[in-house]
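A.B. asks: Before we start, here is the structure in question, set down as structure tokens.
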Amino acid sequence: MSRIIVANRRGHQVFEWEVAETEEARALVEEAERIVREARLQGCAVSKKVGGRHVIDDGPFDPRAEEYQIIAPIAGG
């Protein structure tokens with residue numbers, strides 16, 4: 001099972017999916033890809049878990065990644 005953790009003002013939200021040959025699984029993978037794409041467009045930092053550690057990731061979405069984290073930019077003032 002893969003997941004995206006989205007850190008935001010409400011704490012965090014988790015979205016999970018697994019890669020399988022069902023229509024439901026494909027729809028969840030598409031939704032996960034949309035979440036990552038939109039986060040990047042909004043200026044969020046996206047990290048992917050690689051070898052047990054999170055690294056900033058700007059590559060193509062990997063549906064087999066164990067975990068993504070999305071962190072919204074901090075607004076100063």
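Every chain in the structure tokens takes a letter, A first, then B, and so on in the order presented; its residues are numbered from 1, and the ligands are numbered from 1 following the presented order.
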Just want the 9 Å neighbourhood of A:Pro63, counted on only C-alpha atoms, with same-chain residues fewer than 5 positions away dropped. Output as a compact mmCIF listing (two decimals) with all heavy atoms, in the first residue's frame.

C.D. replies:
```txt
# COMPACT_ATOMS: atom_id res chain seq x y z
N SER A 2 0.59 2.16 -0.88
CA SER A 2 1.32 3.43 -0.97
C SER A 2 0.45 4.53 -0.37
O SER A 2 -0.77 4.37 -0.24
CB SER A 2 1.62 3.75 -2.42
OG SER A 2 2.42 2.76 -3.01
N TRP A 17 -3.37 4.17 -1.74
CA TRP A 17 -3.73 3.39 -2.93
C TRP A 17 -2.80 2.20 -3.04
O TRP A 17 -1.77 2.13 -2.37
CB TRP A 17 -3.62 4.26 -4.18
CG TRP A 17 -2.21 4.56 -4.59
CD1 TRP A 17 -1.45 3.85 -5.49
CD2 TRP A 17 -1.37 5.60 -4.11
NE1 TRP A 17 -0.20 4.40 -5.60
CE2 TRP A 17 -0.11 5.48 -4.76
CE3 TRP A 17 -1.53 6.62 -3.19
CZ2 TRP A 17 0.94 6.34 -4.52
CZ3 TRP A 17 -0.47 7.47 -2.95
CH2 TRP A 17 0.74 7.33 -3.60
N GLU A 18 -3.18 1.26 -3.87
CA GLU A 18 -2.27 0.19 -4.24
C GLU A 18 -2.39 -0.05 -5.73
O GLU A 18 -3.42 0.20 -6.34
CB GLU A 18 -2.47 -1.08 -3.43
CG GLU A 18 -3.84 -1.64 -3.36
CD GLU A 18 -3.91 -2.81 -2.39
OE1 GLU A 18 -2.94 -3.59 -2.31
OE2 GLU A 18 -4.92 -2.95 -1.73
N VAL A 19 -1.29 -0.49 -6.30
CA VAL A 19 -1.24 -0.75 -7.74
C VAL A 19 -1.82 -2.14 -7.98
O VAL A 19 -1.34 -3.12 -7.43
CB VAL A 19 0.20 -0.66 -8.27
CG1 VAL A 19 0.26 -1.00 -9.74
CG2 VAL A 19 0.77 0.73 -8.02
N VAL A 29 -4.88 5.47 -8.31
CA VAL A 29 -3.56 5.89 -8.77
C VAL A 29 -3.66 7.21 -9.52
O VAL A 29 -2.85 8.13 -9.31
CB VAL A 29 -2.90 4.80 -9.64
CG1 VAL A 29 -1.66 5.34 -10.35
CG2 VAL A 29 -2.54 3.60 -8.80
N GLU A 30 -4.67 7.36 -10.37
CA GLU A 30 -4.87 8.62 -11.10
C GLU A 30 -5.13 9.77 -10.14
O GLU A 30 -4.62 10.88 -10.33
CB GLU A 30 -6.03 8.48 -12.09
CG GLU A 30 -5.70 7.63 -13.29
CD GLU A 30 -6.90 7.41 -14.20
OE1 GLU A 30 -7.94 8.08 -14.01
OE2 GLU A 30 -6.78 6.56 -15.09
N ALA A 32 -4.09 9.96 -6.99
CA ALA A 32 -2.83 10.24 -6.30
C ALA A 32 -1.92 11.09 -7.19
O ALA A 32 -1.31 12.06 -6.73
CB ALA A 32 -2.13 8.93 -5.92
N GLU A 33 -1.85 10.74 -8.47
CA GLU A 33 -1.03 11.51 -9.41
C GLU A 33 -1.54 12.95 -9.52
O GLU A 33 -0.77 13.90 -9.54
CB GLU A 33 -1.02 10.84 -10.77
CG GLU A 33 -0.09 11.51 -11.76
CD GLU A 33 0.05 10.72 -13.04
OE1 GLU A 33 -0.75 9.80 -13.29
OE2 GLU A 33 0.99 11.03 -13.79
```

A.B. asks: Can you check which residues of chain A DSSP gives as strand (DSSP E) on the backbone and send them as JSON, numbers by chain?

C.D. replies: {"A": [2, 3, 4, 5, 6, 7, 8, 11, 12, 13, 14, 15, 16, 17, 45, 46, 47, 48, 49, 50, 53, 54, 55, 56, 67, 68, 69, 70, 71]}

A.B. asks: Can you work out the spacing between atom CA of A:Arg9 and atom CA of A:Ala25 in Å, to one decimal?

C.D. replies: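 Result for atom CA of A:Arg9 versus atom CA of A:Ala25: 28.7 Å, one decimal.
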
A.B. asks: Just asking: which residues within chain A are helix (DSSP H, G or I) according to DSSP, as a ChimeraX atom specification?

C.D. replies: /A:23-41

A.B. asks: Using only C-alpha atoms, which of A:Glu24, A:Ile74, A:Val36, A:Ala45 sits nearest A:Pro60?

C.D. replies: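 Among the listed residues, A:Val36 lies closest to A:Pro60.
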